[in-house]
>>> print(open('my_file38.csv').read())   # CSV, C-alpha atoms
chain,number,residue,atom,x,y,z
A,722,MET,CA,-52.4,-52.3,25.8
A,723,LEU,CA,-49.6,-51.7,23.2
A,724,LYS,CA,-46.7,-49.8,24.7
A,725,ILE,CA,-45.0,-47.5,22.1
A,726,LYS,CA,-41.3,-46.9,22.5
A,727,GLN,CA,-39.7,-44.2,20.5
A,728,VAL,CA,-36.6,-41.9,20.6
A,729,ILE,CA,-37.3,-38.2,20.9
A,730,PRO,CA,-34.4,-35.7,20.7
A,731,ILE,CA,-33.5,-34.1,24.0
A,732,SER,CA,-33.6,-30.6,22.4
A,733,THR,CA,-37.3,-31.1,21.5
A,734,LEU,CA,-38.2,-32.2,25.0
A,735,LEU,CA,-36.3,-29.3,26.5
A,736,LEU,CA,-38.3,-26.9,24.4
A,737,LEU,CA,-41.5,-28.6,25.4
A,738,SER,CA,-40.4,-28.5,29.1
A,739,VAL,CA,-39.9,-24.7,28.9
A,740,VAL,CA,-43.3,-24.3,27.2
A,741,THR,CA,-45.0,-26.4,29.9
A,742,GLY,CA,-43.5,-24.5,32.9
A,743,PHE,CA,-39.8,-25.5,33.3
A,744,ALA,CA,-38.7,-21.9,32.7
A,745,MET,CA,-35.0,-21.3,33.1
A,746,GLY,CA,-35.2,-17.5,33.3
A,747,ARG,CA,-32.2,-15.2,33.0
A,748,SER,CA,-29.4,-16.2,35.3
A,749,GLY,CA,-25.7,-17.1,35.3
A,750,SER,CA,-24.3,-20.0,33.3
A,751,ALA,CA,-23.8,-22.1,36.4
A,752,GLU,CA,-27.4,-21.7,37.4
A,753,ILE,CA,-28.6,-22.4,33.9
A,754,ASN,CA,-26.6,-25.6,33.7
A,755,TRP,CA,-28.1,-26.7,37.1
A,756,LYS,CA,-31.6,-26.0,35.8
A,757,VAL,CA,-31.0,-27.8,32.5
A,758,ASP,CA,-29.7,-30.8,34.5
A,759,GLN,CA,-32.9,-30.7,36.7
A,760,ILE,CA,-35.0,-30.6,33.6
A,761,ASP,CA,-33.1,-33.5,32.1
A,762,ARG,CA,-33.6,-35.6,35.2
A,763,ASN,CA,-37.4,-34.8,35.3
A,764,LEU,CA,-37.7,-35.6,31.6
A,765,ARG,CA,-36.0,-38.9,32.1
A,766,VAL,CA,-38.4,-39.9,34.9
A,767,LEU,CA,-41.4,-38.9,32.8
A,768,ALA,CA,-40.0,-40.7,29.7
A,769,GLU,CA,-39.4,-43.9,31.7
A,770,ALA,CA,-43.0,-43.8,33.0
A,771,VAL,CA,-44.5,-43.5,29.5
A,772,GLY,CA,-42.0,-45.7,27.7
A,773,VAL,CA,-40.1,-43.1,25.7
A,774,ASP,CA,-36.4,-43.9,25.1
A,775,LEU,CA,-34.2,-40.9,25.5
A,776,GLY,CA,-31.0,-42.8,25.1
A,777,THR,CA,-28.1,-42.7,27.6
A,778,ARG,CA,-26.5,-39.6,29.0
A,779,ASP,CA,-23.0,-38.8,27.9
A,780,ILE,CA,-20.4,-40.6,30.0
A,781,VAL,CA,-17.1,-38.8,30.3
A,782,GLY,CA,-13.7,-40.1,31.5
A,783,ILE,CA,-12.1,-38.0,34.2
A,784,ASP,CA,-8.5,-38.5,35.1
A,785,VAL,CA,-8.3,-39.1,38.9
A,786,SER,CA,-4.9,-40.7,39.1
A,787,GLU,CA,-3.3,-37.9,41.2
A,788,SER,CA,-6.3,-36.6,43.1
A,789,PRO,CA,-7.2,-37.2,46.8
A,790,PHE,CA,-9.9,-39.7,47.3
A,791,LEU,CA,-11.9,-41.5,50.0
A,792,GLY,CA,-13.0,-45.1,49.8
A,793,PRO,CA,-11.6,-48.2,48.2
A,794,GLU,CA,-9.3,-47.5,45.3
A,795,GLU,CA,-11.0,-50.2,43.2
A,796,ALA,CA,-14.6,-49.3,44.2
A,797,PRO,CA,-17.2,-50.0,41.6
A,798,ILE,CA,-18.5,-46.4,41.8
A,799,THR,CA,-16.4,-43.3,41.5
A,800,ILE,CA,-17.9,-39.9,42.3
A,801,VAL,CA,-15.7,-37.0,41.1
A,802,GLU,CA,-16.5,-33.7,42.7
A,803,PHE,CA,-15.4,-30.3,41.3
A,804,SER,CA,-15.7,-28.1,44.3
A,805,ASP,CA,-14.9,-24.6,45.7
A,806,PHE,CA,-14.2,-24.1,49.4
A,807,GLU,CA,-15.8,-20.7,49.5
A,808,CYS,CA,-19.0,-21.9,47.7
A,809,GLY,CA,-22.1,-22.0,49.8
A,810,TYR,CA,-23.6,-24.7,47.6
A,811,CYS,CA,-20.5,-26.9,48.1
A,812,ARG,CA,-20.9,-26.4,51.8
A,813,LYS,CA,-24.5,-27.3,51.6
A,814,VAL,CA,-23.8,-30.7,49.9
A,815,TYR,CA,-20.9,-31.5,52.3
A,816,PRO,CA,-23.2,-33.3,54.8
A,817,THR,CA,-24.7,-35.3,51.9
A,818,LEU,CA,-21.2,-36.5,50.9
A,819,LEU,CA,-20.6,-37.5,54.5
A,820,GLN,CA,-23.8,-39.6,54.3
A,821,ILE,CA,-22.6,-41.2,51.1
A,822,ARG,CA,-19.3,-42.0,52.8
A,823,ASN,CA,-21.2,-43.7,55.6
A,824,GLU,CA,-23.8,-45.6,53.6
A,825,TYR,CA,-21.6,-46.7,50.7
A,826,ASP,CA,-18.2,-47.0,52.4
A,827,SER,CA,-17.2,-50.2,50.5
A,828,GLU,CA,-18.8,-49.3,47.2
A,829,VAL,CA,-18.1,-45.7,46.5
A,830,LYS,CA,-14.8,-43.8,46.0
A,831,ILE,CA,-15.1,-40.0,46.3
A,832,VAL,CA,-12.5,-38.0,44.4
A,833,PHE,CA,-11.9,-34.3,45.0
A,834,LYS,CA,-11.1,-31.8,42.2
A,835,HIS,CA,-10.1,-28.2,42.9
A,836,PHE,CA,-12.3,-25.6,41.2
A,837,PRO,CA,-12.1,-22.3,43.0
A,838,LEU,CA,-14.2,-19.7,41.3
A,839,SER,CA,-12.5,-16.4,40.3
A,840,PHE,CA,-15.0,-14.2,42.3
A,841,HIS,CA,-14.4,-16.1,45.5
A,842,LYS,CA,-11.4,-14.2,46.7
A,843,ASN,CA,-10.4,-16.5,49.5
A,844,ALA,CA,-11.0,-19.8,47.8
A,845,LEU,CA,-7.6,-20.1,46.2
A,846,LEU,CA,-5.8,-19.9,49.5
A,847,ALA,CA,-8.1,-22.5,51.1
A,848,HIS,CA,-7.4,-24.9,48.2
A,849,ARG,CA,-3.7,-24.3,48.5
A,850,ALA,CA,-4.0,-25.1,52.3
A,851,ALA,CA,-5.8,-28.4,51.5
A,852,ILE,CA,-3.0,-29.4,49.1
A,853,SER,CA,-0.4,-28.4,51.6
A,854,ALA,CA,-2.0,-30.6,54.3
A,855,GLY,CA,-2.3,-33.4,51.8
A,856,GLU,CA,1.5,-33.3,51.3
A,857,GLN,CA,1.6,-34.4,55.0
A,858,GLY,CA,-1.2,-37.0,54.7
A,859,LYS,CA,-4.0,-34.7,56.1
A,860,PHE,CA,-5.9,-33.5,53.0
A,861,TRP,CA,-9.3,-34.8,54.1
A,862,GLU,CA,-8.9,-33.6,57.7
A,863,MET,CA,-8.1,-30.1,56.3
A,864,HIS,CA,-11.0,-30.4,53.8
A,865,ASP,CA,-13.4,-31.1,56.6
A,866,LEU,CA,-12.1,-28.2,58.8
A,867,ILE,CA,-12.4,-25.8,56.0
A,868,PHE,CA,-16.0,-26.7,55.1
A,869,GLU,CA,-17.1,-26.8,58.7
A,870,ASN,CA,-16.0,-23.1,59.0
A,871,PHE,CA,-16.0,-22.0,55.3
A,872,LYS,CA,-16.8,-18.4,56.0
A,873,ASP,CA,-13.4,-17.8,57.6
A,874,LEU,CA,-10.7,-18.7,55.0
A,875,SER,CA,-8.0,-16.3,56.1
A,876,ARG,CA,-4.3,-17.2,56.1
A,877,GLU,CA,-4.2,-17.1,59.9
A,878,THR,CA,-7.1,-19.6,60.1
A,879,MET,CA,-5.3,-21.9,57.7
A,880,LEU,CA,-2.2,-21.8,59.8
A,881,GLU,CA,-4.3,-22.4,62.9
A,882,TYR,CA,-5.8,-25.5,61.2
A,883,ALA,CA,-2.3,-26.7,60.3
A,884,SER,CA,-1.3,-26.4,64.0
A,885,ARG,CA,-4.5,-28.2,65.1
A,886,LEU,CA,-3.7,-31.1,62.7
A,887,ASN,CA,-0.1,-31.3,64.1
A,888,LEU,CA,1.4,-30.5,60.7
A,889,ASP,CA,5.0,-29.4,60.2
A,890,SER,CA,4.3,-25.6,60.1
A,891,PRO,CA,7.4,-24.5,58.0
A,892,GLN,CA,6.7,-27.3,55.5
A,893,PHE,CA,3.0,-26.4,55.4
A,894,GLU,CA,3.8,-22.7,54.7
A,895,GLU,CA,6.3,-23.6,52.0
A,896,THR,CA,3.9,-25.7,50.1
A,897,LEU,CA,1.1,-23.2,50.7
A,898,ASP,CA,3.0,-20.6,48.7
A,899,SER,CA,4.6,-22.9,46.2
A,900,GLN,CA,4.0,-22.9,42.4
A,901,THR,CA,3.3,-26.6,42.7
A,902,SER,CA,0.1,-26.1,44.6
A,903,LYS,CA,-1.1,-23.5,42.1
A,904,ASP,CA,-0.2,-25.8,39.2
A,905,LEU,CA,-2.3,-28.6,40.7
A,906,ILE,CA,-5.3,-26.3,41.1
A,907,ASP,CA,-4.9,-24.9,37.5
A,908,ARG,CA,-4.8,-28.5,36.2
A,909,ASP,CA,-8.1,-29.4,37.8
A,910,ILE,CA,-9.7,-26.1,36.6
A,911,ILE,CA,-8.7,-26.9,33.0
A,912,LEU,CA,-9.9,-30.5,33.3
A,913,GLY,CA,-13.2,-29.3,34.7
A,914,ARG,CA,-13.7,-26.7,31.9
A,915,ASP,CA,-12.8,-29.3,29.3
A,916,ASN,CA,-15.7,-31.4,30.7
A,917,GLY,CA,-18.3,-28.6,30.8
A,918,VAL,CA,-17.8,-27.5,34.4
A,919,THR,CA,-18.7,-23.8,34.8
A,920,GLY,CA,-19.7,-23.5,38.4
A,921,THR,CA,-19.7,-25.6,41.6
A,922,PRO,CA,-20.4,-28.1,42.8
A,923,VAL,CA,-20.4,-30.5,39.8
A,924,PHE,CA,-20.2,-34.2,40.2
A,925,PHE,CA,-19.5,-37.1,37.8
A,926,VAL,CA,-21.0,-40.4,39.0
A,927,ASN,CA,-19.1,-43.1,37.0
A,928,GLY,CA,-18.8,-40.4,34.3
A,929,ARG,CA,-22.4,-39.2,34.4
A,930,LYS,CA,-22.7,-35.5,35.1
A,931,LEU,CA,-24.7,-34.3,38.1
A,932,VAL,CA,-24.9,-30.6,38.7
A,933,GLY,CA,-25.6,-28.8,42.0
A,934,ALA,CA,-26.1,-29.4,45.7
A,935,GLN,CA,-28.4,-32.4,45.1
A,936,PRO,CA,-30.1,-34.2,48.0
A,937,PHE,CA,-29.0,-37.6,49.1
A,938,SER,CA,-31.9,-39.2,47.4
A,939,VAL,CA,-30.7,-38.0,44.0
A,940,PHE,CA,-27.2,-39.4,44.7
A,941,LYS,CA,-28.6,-42.6,45.9
A,942,GLU,CA,-30.6,-43.0,42.7
A,943,GLU,CA,-27.5,-42.4,40.6
A,944,ILE,CA,-25.3,-44.7,42.7
A,945,GLU,CA,-27.9,-47.5,42.6
A,946,ARG,CA,-28.2,-47.2,38.8
A,947,ALA,CA,-24.4,-47.3,38.4
A,948,LEU,CA,-24.2,-50.4,40.7
A,949,ARG,CA,-26.8,-52.1,38.5
A,950,ASP,CA,-24.8,-51.1,35.4
A,951,ALA,CA,-21.6,-52.4,36.9
A,952,ALA,CA,-23.1,-55.8,38.0
>>> encode(input="my_file38.csv", output="structure tokens")
Amino acid sequence: MLKIKQVIPISTLLLLSVVTGFAMGRSGSAEINWKVDQIDRNLRVLAEAVGVDLGTRDIVGIDVSESPFLGPEEAPITIVEFSDFECGYCRKVYPTLLQIRNEYDSEVKIVFKHFPLSFHKNALLAHRAAISAGEQGKFWEMHDLIFENFKDLSRETMLEYASRLNLDSPQFEETLDSQTSKDLIDRDIILGRDNGVTGTPVFFVNGRKLVGAQPFSVFKEEIERALRDAA
């Protein structure tokens, strides 16, 4: 049987998806972006099955030169995460990232970008605390403590974590309140906004955008595709 391959504009298929039941509804921009991303993924699976070429998704370059990361520096796959320590969805995807760390320890580098949302009143302090811990080589240890107890982001708790991690307390507090930590956070926020980040979490897997607290299976699919592309 003849297999017809053609290019159909994404906008046309998005309209068709709404008509056929992929209704986005009225919601905030972050949720809309997440739903559009889900629609895009579903359309690409459907298109592949019927031989329709949708073309490649946009690949963006994210500067990671001064950001904390886990994994080999020259890993073939880089996952950049824009995250908010007070975001429930970021907390939800935290175990998934731990699983990625374990299963792709030699192939994936995970990079953290600060993106505290303005309506999360305690997030900024938590991000400052992570940066302060990072100045003493304990960013990821502080990161994990914060997410494991993300509903308590008080200053007292951040200082308790610093003590638990055996950090130099005066140095930690000095960095916590410094303009430098604020500037680092602002830099990441601007970078995120320049690349279409409006909510959290948002990921870029080798430059391909992935929105929301996706399950491991979705990350696995993206990682395996990126590994094939890099081969």
>>> closest_residue(input="my_file38.csv", among="A:Ala796, A:Val926, A:Ala850, A:Ala951", to="Arg876 (chain A)", atoms="all atoms listed in the file")
A:Ala850
>>> atom_distance(input="my_file38.csv", atom1="CA of Pro922 (chain A)", atom2="CA of Tyr882 (chain A)")
23.6 Å
>>> residues_around(input="my_file38.csv", residues="Gly913 (chain A)", least_positions_apart="4", cutoff="12 Å", atoms="all atoms listed in the file", output="short mmCIF file (atom, residue, chain, number, x, y, z; two decimals) with C-alpha atoms, in the coordinates of the input")
data_model
loop_
_atom_site.label_atom_id
_atom_site.label_comp_id
_atom_site.auth_asym_id
_atom_site.auth_seq_id
_atom_site.Cartn_x
_atom_site.Cartn_y
_atom_site.Cartn_z
CA VAL A 781 -17.10 -38.80 30.30
CA GLY A 782 -13.70 -40.10 31.50
CA ILE A 783 -12.10 -38.00 34.20
CA ASP A 784 -8.50 -38.50 35.10
CA VAL A 785 -8.30 -39.10 38.90
CA VAL A 801 -15.70 -37.00 41.10
CA GLU A 802 -16.50 -33.70 42.70
CA PHE A 803 -15.40 -30.30 41.30
CA SER A 804 -15.70 -28.10 44.30
CA PHE A 833 -11.90 -34.30 45.00
CA LYS A 834 -11.10 -31.80 42.20
CA HIS A 835 -10.10 -28.20 42.90
CA PHE A 836 -12.30 -25.60 41.20
CA PRO A 837 -12.10 -22.30 43.00
CA LEU A 838 -14.20 -19.70 41.30
CA ILE A 906 -5.30 -26.30 41.10
CA ASP A 907 -4.90 -24.90 37.50
CA ARG A 908 -4.80 -28.50 36.20
CA ASP A 909 -8.10 -29.40 37.80
CA GLY A 917 -18.30 -28.60 30.80
CA VAL A 918 -17.80 -27.50 34.40
CA THR A 919 -18.70 -23.80 34.80
CA GLY A 920 -19.70 -23.50 38.40
CA THR A 921 -19.70 -25.60 41.60
CA PRO A 922 -20.40 -28.10 42.80
CA VAL A 923 -20.40 -30.50 39.80
CA PHE A 924 -20.20 -34.20 40.20
CA PHE A 925 -19.50 -37.10 37.80
CA LYS A 930 -22.70 -35.50 35.10
#
>>> residues_around(input="my_file38.csv", residues="region 806-817 of chain A", least_positions_apart="3", cutoff="6 Å", atoms="only C-alpha atoms", output="ChimeraX atom specification")
/A:820,844,868,871,922,934,937
>>> write_last_selection(input="my_file38.csv", atoms="C-alpha atoms", output="tab-separated table (two decimals), in the coordinates of the input")
chain	number	residue	atom	x	y	z
A	820	GLN	CA	-23.80	-39.60	54.30
A	844	ALA	CA	-11.00	-19.80	47.80
A	868	PHE	CA	-16.00	-26.70	55.10
A	871	PHE	CA	-16.00	-22.00	55.30
A	922	PRO	CA	-20.40	-28.10	42.80
A	934	ALA	CA	-26.10	-29.40	45.70
A	937	PHE	CA	-29.00	-37.60	49.10
>>> atom_distance(input="my_file38.csv", atom1="CA of Leu905 (chain A)", atom2="CA of Tyr825 (chain A)")
28.3 Å
>>> atom_distance(input="my_file38.csv", atom1="CA of Met863 (chain A)", atom2="CA of Pro797 (chain A)")
26.4 Å
>>> closest_residue(input="my_file38.csv", among="A:Leu888, A:Ile798, A:Leu846, A:Ala952", to="Lys859 (chain A)", atoms="all atoms listed in the file")
A:Leu888
>>> residues_around(input="my_file38.csv", residues="region 787-792 of chain A", least_positions_apart="2", cutoff="8 Å", atoms="all atoms listed in the file", output="ChimeraX atom specification")
/A:785,794,796,822,826-834,855,860-861
>>> write_last_selection(input="my_file38.csv", atoms="C-alpha atoms", output="compact mmCIF listing (two decimals), in the frame of the given file")
# COMPACT_ATOMS: atom_id res chain seq x y z
CA VAL A 785 -8.30 -39.10 38.90
CA GLU A 794 -9.30 -47.50 45.30
CA ALA A 796 -14.60 -49.30 44.20
CA ARG A 822 -19.30 -42.00 52.80
CA ASP A 826 -18.20 -47.00 52.40
CA SER A 827 -17.20 -50.20 50.50
CA GLU A 828 -18.80 -49.30 47.20
CA VAL A 829 -18.10 -45.70 46.50
CA LYS A 830 -14.80 -43.80 46.00
CA ILE A 831 -15.10 -40.00 46.30
CA VAL A 832 -12.50 -38.00 44.40
CA PHE A 833 -11.90 -34.30 45.00
CA LYS A 834 -11.10 -31.80 42.20
CA GLY A 855 -2.30 -33.40 51.80
CA PHE A 860 -5.90 -33.50 53.00
CA TRP A 861 -9.30 -34.80 54.10
>>> closest_residue(input="my_file38.csv", among="A:Ile780, A:Ile910, A:Thr799, A:Asp904", to="Leu948 (chain A)", atoms="all atoms listed in the file")
A:Thr799
